[in-house]
Structure formats: C-alpha cells, structure tokens
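Content type compact mmCIF, N, CA and C atoms, from the file coords_18.txt:
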# COMPACT_ATOMS: atom_id res chain seq x y z
N LEU A 1 -15.39 19.85 -73.48
CA LEU A 1 -15.12 19.00 -74.62
C LEU A 1 -13.65 19.06 -75.01
N ARG A 2 -13.09 20.25 -74.93
CA ARG A 2 -11.68 20.38 -75.29
C ARG A 2 -10.76 19.70 -74.28
N ALA A 3 -11.17 19.64 -73.03
CA ALA A 3 -10.38 18.93 -72.03
C ALA A 3 -10.34 17.44 -72.34
N VAL A 4 -11.44 16.91 -72.82
CA VAL A 4 -11.50 15.50 -73.20
C VAL A 4 -10.62 15.28 -74.43
N GLN A 5 -10.72 16.17 -75.40
CA GLN A 5 -9.87 16.09 -76.59
C GLN A 5 -8.39 16.13 -76.19
N SER A 6 -8.05 17.01 -75.28
CA SER A 6 -6.67 17.16 -74.84
C SER A 6 -6.15 15.88 -74.18
N ALA A 7 -6.99 15.27 -73.34
CA ALA A 7 -6.60 14.02 -72.69
C ALA A 7 -6.37 12.93 -73.73
N ALA A 8 -7.22 12.88 -74.75
CA ALA A 8 -7.06 11.89 -75.82
C ALA A 8 -5.79 12.17 -76.61
N ALA A 9 -5.51 13.43 -76.87
CA ALA A 9 -4.30 13.80 -77.61
C ALA A 9 -3.05 13.43 -76.83
N SER A 10 -3.17 13.37 -75.50
CA SER A 10 -2.04 12.98 -74.64
C SER A 10 -1.89 11.48 -74.54
N GLY A 11 -2.78 10.73 -75.19
CA GLY A 11 -2.65 9.28 -75.22
C GLY A 11 -3.69 8.50 -74.44
N GLU A 12 -4.57 9.19 -73.70
CA GLU A 12 -5.60 8.48 -72.92
C GLU A 12 -6.62 7.88 -73.87
N ARG A 13 -7.00 6.62 -73.64
CA ARG A 13 -8.00 5.95 -74.47
C ARG A 13 -9.16 5.39 -73.65
N ASP A 14 -9.00 5.29 -72.35
CA ASP A 14 -10.04 4.76 -71.49
C ASP A 14 -11.18 5.77 -71.38
N THR A 15 -12.40 5.36 -71.73
CA THR A 15 -13.52 6.31 -71.75
C THR A 15 -13.81 6.89 -70.36
N ALA A 16 -13.64 6.09 -69.31
CA ALA A 16 -13.88 6.62 -67.96
C ALA A 16 -12.89 7.72 -67.62
N ALA A 17 -11.64 7.54 -67.99
CA ALA A 17 -10.62 8.56 -67.72
C ALA A 17 -10.84 9.80 -68.59
N LEU A 18 -11.23 9.59 -69.83
CA LEU A 18 -11.53 10.72 -70.70
C LEU A 18 -12.72 11.52 -70.15
N ARG A 19 -13.73 10.81 -69.73
CA ARG A 19 -14.91 11.45 -69.15
C ARG A 19 -14.53 12.24 -67.90
N GLN A 20 -13.66 11.67 -67.07
CA GLN A 20 -13.24 12.34 -65.85
C GLN A 20 -12.53 13.66 -66.15
N ALA A 21 -11.76 13.69 -67.23
CA ALA A 21 -11.07 14.92 -67.63
C ALA A 21 -12.09 16.03 -67.91
N GLY A 22 -13.17 15.68 -68.57
CA GLY A 22 -14.23 16.67 -68.83
C GLY A 22 -14.99 17.05 -67.58
N LEU A 23 -15.28 16.06 -66.74
CA LEU A 23 -16.02 16.34 -65.51
C LEU A 23 -15.25 17.27 -64.59
N ALA A 24 -13.93 17.16 -64.58
CA ALA A 24 -13.11 18.02 -63.73
C ALA A 24 -13.28 19.49 -64.12
N VAL A 25 -13.39 19.75 -65.40
CA VAL A 25 -13.59 21.13 -65.87
C VAL A 25 -15.01 21.60 -65.56
N LEU A 26 -15.99 20.76 -65.84
CA LEU A 26 -17.39 21.14 -65.61
C LEU A 26 -17.69 21.36 -64.14
N ALA A 27 -17.00 20.66 -63.26
CA ALA A 27 -17.22 20.80 -61.82
C ALA A 27 -16.84 22.19 -61.32
N GLN A 28 -16.09 22.94 -62.09
CA GLN A 28 -15.69 24.29 -61.72
C GLN A 28 -16.79 25.32 -61.95
N GLU A 29 -17.88 24.90 -62.55
CA GLU A 29 -19.01 25.79 -62.84
C GLU A 29 -20.15 25.50 -61.87
N PRO A 30 -20.27 26.25 -60.78
CA PRO A 30 -21.28 25.93 -59.76
C PRO A 30 -22.72 26.05 -60.25
N GLU A 31 -22.97 26.83 -61.27
CA GLU A 31 -24.33 27.02 -61.77
C GLU A 31 -24.72 25.95 -62.79
N LEU A 32 -23.79 25.08 -63.15
CA LEU A 32 -24.03 24.09 -64.18
C LEU A 32 -24.58 22.82 -63.57
N SER A 33 -25.66 22.31 -64.16
CA SER A 33 -26.23 21.03 -63.75
C SER A 33 -26.06 20.05 -64.92
N LEU A 34 -25.14 19.12 -64.77
CA LEU A 34 -24.80 18.21 -65.86
C LEU A 34 -25.87 17.13 -66.02
N GLU A 35 -26.30 16.91 -67.25
CA GLU A 35 -27.19 15.80 -67.56
C GLU A 35 -26.36 14.60 -67.99
N TYR A 36 -25.42 14.80 -68.92
CA TYR A 36 -24.52 13.72 -69.30
C TYR A 36 -23.29 14.27 -69.99
N LEU A 37 -22.22 13.50 -69.90
CA LEU A 37 -20.98 13.71 -70.64
C LEU A 37 -20.53 12.31 -71.04
N ALA A 38 -20.39 12.08 -72.33
CA ALA A 38 -20.07 10.73 -72.80
C ALA A 38 -19.10 10.78 -73.96
N VAL A 39 -18.31 9.72 -74.07
CA VAL A 39 -17.44 9.50 -75.22
C VAL A 39 -18.02 8.27 -75.92
N VAL A 40 -18.47 8.45 -77.15
CA VAL A 40 -19.15 7.37 -77.87
C VAL A 40 -18.55 7.15 -79.25
N ASN A 41 -18.78 5.95 -79.77
CA ASN A 41 -18.34 5.66 -81.13
C ASN A 41 -19.51 5.91 -82.08
N GLY A 42 -19.35 5.52 -83.33
CA GLY A 42 -20.36 5.80 -84.36
C GLY A 42 -21.73 5.22 -84.09
N ASP A 43 -21.81 4.13 -83.34
CA ASP A 43 -23.13 3.57 -83.03
C ASP A 43 -23.64 4.03 -81.67
N MET A 44 -23.05 5.11 -81.16
CA MET A 44 -23.49 5.78 -79.92
C MET A 44 -23.30 4.92 -78.68
N ARG A 45 -22.30 4.04 -78.70
CA ARG A 45 -22.00 3.23 -77.53
C ARG A 45 -20.68 3.69 -76.93
N GLU A 46 -20.64 3.68 -75.59
CA GLU A 46 -19.39 4.03 -74.92
C GLU A 46 -18.44 2.85 -75.02
N ARG A 47 -17.32 3.08 -75.67
CA ARG A 47 -16.29 2.07 -75.83
C ARG A 47 -14.94 2.78 -75.76
N PRO A 48 -13.85 2.02 -75.55
CA PRO A 48 -12.53 2.67 -75.56
C PRO A 48 -12.33 3.45 -76.85
N ALA A 49 -11.71 4.60 -76.72
CA ALA A 49 -11.48 5.46 -77.88
C ALA A 49 -10.50 4.81 -78.84
N VAL A 50 -10.82 4.90 -80.11
CA VAL A 50 -9.94 4.39 -81.16
C VAL A 50 -9.33 5.59 -81.86
N GLU A 51 -8.00 5.67 -81.79
CA GLU A 51 -7.31 6.83 -82.34
C GLU A 51 -7.67 7.05 -83.80
N ASN A 52 -7.89 8.31 -84.11
CA ASN A 52 -8.18 8.77 -85.47
C ASN A 52 -9.49 8.25 -86.04
N ASP A 53 -10.37 7.73 -85.20
CA ASP A 53 -11.70 7.32 -85.67
C ASP A 53 -12.57 8.57 -85.71
N PRO A 54 -12.93 9.05 -86.89
CA PRO A 54 -13.71 10.28 -86.99
C PRO A 54 -15.12 10.16 -86.40
N MET A 55 -15.56 8.93 -86.15
CA MET A 55 -16.90 8.74 -85.60
C MET A 55 -16.92 8.78 -84.07
N THR A 56 -15.76 8.78 -83.42
CA THR A 56 -15.72 8.88 -81.97
C THR A 56 -15.99 10.32 -81.57
N ARG A 57 -17.03 10.51 -80.75
CA ARG A 57 -17.48 11.86 -80.39
C ARG A 57 -17.53 12.02 -78.88
N VAL A 58 -17.43 13.26 -78.46
CA VAL A 58 -17.66 13.64 -77.06
C VAL A 58 -18.99 14.37 -77.05
N LEU A 59 -19.92 13.92 -76.21
CA LEU A 59 -21.26 14.50 -76.12
C LEU A 59 -21.47 15.09 -74.74
N VAL A 60 -22.16 16.21 -74.68
CA VAL A 60 -22.47 16.81 -73.38
C VAL A 60 -23.85 17.46 -73.44
N ALA A 61 -24.56 17.35 -72.33
CA ALA A 61 -25.82 18.07 -72.14
C ALA A 61 -25.83 18.55 -70.69
N ALA A 62 -26.21 19.80 -70.51
CA ALA A 62 -26.22 20.38 -69.17
C ALA A 62 -27.23 21.53 -69.15
N ARG A 63 -27.56 21.95 -67.96
CA ARG A 63 -28.43 23.11 -67.79
C ARG A 63 -27.67 24.18 -67.02
N MET A 64 -27.87 25.40 -67.45
CA MET A 64 -27.25 26.53 -66.77
C MET A 64 -28.19 27.72 -66.89
N PHE A 65 -28.55 28.28 -65.76
CA PHE A 65 -29.46 29.42 -65.72
C PHE A 65 -30.76 29.14 -66.47
N GLY A 66 -31.26 27.90 -66.36
CA GLY A 66 -32.52 27.53 -66.97
C GLY A 66 -32.46 27.20 -68.45
N VAL A 67 -31.27 27.20 -69.02
CA VAL A 67 -31.11 26.93 -70.44
C VAL A 67 -30.44 25.57 -70.60
N ARG A 68 -31.00 24.73 -71.46
CA ARG A 68 -30.38 23.43 -71.72
C ARG A 68 -29.34 23.62 -72.83
N LEU A 69 -28.13 23.20 -72.53
CA LEU A 69 -27.02 23.34 -73.45
C LEU A 69 -26.61 21.94 -73.92
N ILE A 70 -26.50 21.75 -75.21
CA ILE A 70 -26.04 20.47 -75.75
C ILE A 70 -24.95 20.77 -76.78
N ASP A 71 -23.97 19.88 -76.83
CA ASP A 71 -22.91 20.05 -77.81
C ASP A 71 -22.20 18.72 -78.01
N ASN A 72 -21.44 18.63 -79.07
CA ASN A 72 -20.63 17.46 -79.34
C ASN A 72 -19.49 17.87 -80.23
N MET A 73 -18.43 17.07 -80.23
CA MET A 73 -17.31 17.30 -81.14
C MET A 73 -16.55 16.00 -81.32
N ALA A 74 -15.78 15.95 -82.39
CA ALA A 74 -14.96 14.77 -82.65
C ALA A 74 -13.88 14.67 -81.58
N LEU A 75 -13.66 13.47 -81.07
CA LEU A 75 -12.62 13.27 -80.08
C LEU A 75 -11.25 13.49 -80.71
N PHE A 76 -11.09 13.04 -81.94
CA PHE A 76 -9.84 13.20 -82.67
C PHE A 76 -10.12 14.07 -83.89
N PRO A 77 -10.02 15.39 -83.74
CA PRO A 77 -10.34 16.27 -84.87
C PRO A 77 -9.36 16.05 -86.02
N GLU A 78 -9.89 16.19 -87.21
CA GLU A 78 -9.03 16.05 -88.39
C GLU A 78 -8.09 17.23 -88.45
N PRO A 79 -6.83 16.98 -88.82
CA PRO A 79 -5.89 18.09 -88.93
C PRO A 79 -6.35 19.06 -90.00
N GLU A 80 -6.08 20.33 -89.75
CA GLU A 80 -6.47 21.34 -90.74
C GLU A 80 -5.58 21.21 -91.97
N ALA A 81 -6.21 21.33 -93.10
CA ALA A 81 -5.46 21.22 -94.36
C ALA A 81 -4.61 22.47 -94.54
N ALA A 82 -3.45 22.28 -95.10
CA ALA A 82 -2.59 23.43 -95.40
C ALA A 82 -3.23 24.24 -96.51
N PRO A 83 -3.12 25.56 -96.43
CA PRO A 83 -3.72 26.38 -97.48
C PRO A 83 -3.06 26.09 -98.83
N ALA A 84 -3.88 26.12 -99.86
CA ALA A 84 -3.38 25.90 -101.22
C ALA A 84 -2.52 27.09 -101.63
N CYS A 85 -1.45 26.80 -102.32
CA CYS A 85 -0.55 27.86 -102.79
C CYS A 85 -0.90 28.27 -104.18

What would you get if you wrote out this structure as structure tokens?
Amino acid sequence: LRAVQSAAASGERDTAALRQAGLAVLAQEPELSLEYLAVVNGDMRERPAVENDPMTRVLVAARMFGVRLIDNMALFPEPEAAPAC
C-alpha cells in the first residue's frame, strides 16, 4: 500500500501504473497469494487518481500461510497537523 502511495506522491495518477507499483512489491513475497489490489474512488470504482481526494483508497486482499489479509488506506493521506503550542 505504501508503494502505491509513494508512486502517487511522485505524481503518478494512472490507476494501472499505481497498481503495478504495488504488485511489484507483493511479487517479492513467494508465500503470498494475491486476491486483489485496487485503487478506487469513493464509489468503489477504479478511476484515475484525483490528487488530494480523501475518498481515493488503495485496497488489497491476499492470503498468506492460510490467513486472509485485507487492508486499505488513503491514496493521498492527510498531512499530520502540527502540534498545538
């Protein structure tokens, strides 16, 4: 997921290219069986990423050692707020 975020932070917006960035990392895990990796907008459709859209998410589901793993994160995470003084 972070590889996809990193590609987006570098300016990539094409969902196929963003997905490929994540697949390249996941391919390094021989025990992992990928079910899906997707970049979706708020209505769960794959579309080109829109910068700073908080509803654009990266989704992944895979199996490893008999356990199904699912996760998601914002493609464009909100910047952390500065601590209050």

Work out how far atom C of Arg63 in chain A is from atom C of Thr15 in chain A, in Å to one decimal.
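If I compute the distance from atom C of Thr15 in chain A to atom C of Arg63 in chain A, I get 22.4 Å.
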
DSSP on the backbone, alpha helix (DSSP H) only: what residues of chain A does that give? Format it as a list in words.
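Filtering chain A down to alpha helix (DSSP H) leaves Arg2, Ala3, Val4, Gln5, Ser6, Ala7, Ala8, Ala9, Thr15, Ala16, Ala17, Leu18, Arg19, Gln20, Ala21, Gly22, Leu23, Ala24, Val25 and Leu26 of chain A.
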
Considering only C-alpha atoms, return as number ranges by chain whatever protein or nucleic-acid residues lie within 12 Å of Glu29 in chain A, sequence-local ones (same chain, fewer than 6 positions apart) excluded.
A: 22-23, 62-65

When you count all atoms listed in the file, which of these residues is closest to Ala3 in chain A: A:Val60, A:Val67, A:Met55, A:Ala21?
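Closest to Ala3 in chain A of all the choices is A:Ala21.
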
Point-to-point distance in Å for atom C of Glu46 in chain A and CA of Ala9 in chain A:
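Between these atoms lies a distance of 18.1 Å.
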
Separation of CA of Thr56 in chain A from CA of Arg68 in chain A, in Å and rounded to one decimal
23.1 Å

Which of A:Leu69, A:Arg57, A:Arg45, A:Val39 sits closest to Arg19 in chain A [using only N, CA and C atoms]:
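Smallest distance to Arg19 in chain A is found for A:Val39.
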
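Distances here use all atoms listed in the file; by that measure, the residue among A:Glu78, A:Ala8, A:Gly42, A:Leu1 closest to Leu26 in chain A is A:Leu1.
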
List every residue of range 16-59 of chain A that DSSP, applied to the backbone of this structure, places in strand (DSSP E or B), and write the result as number ranges by chain.
A: 32-40, 57-59
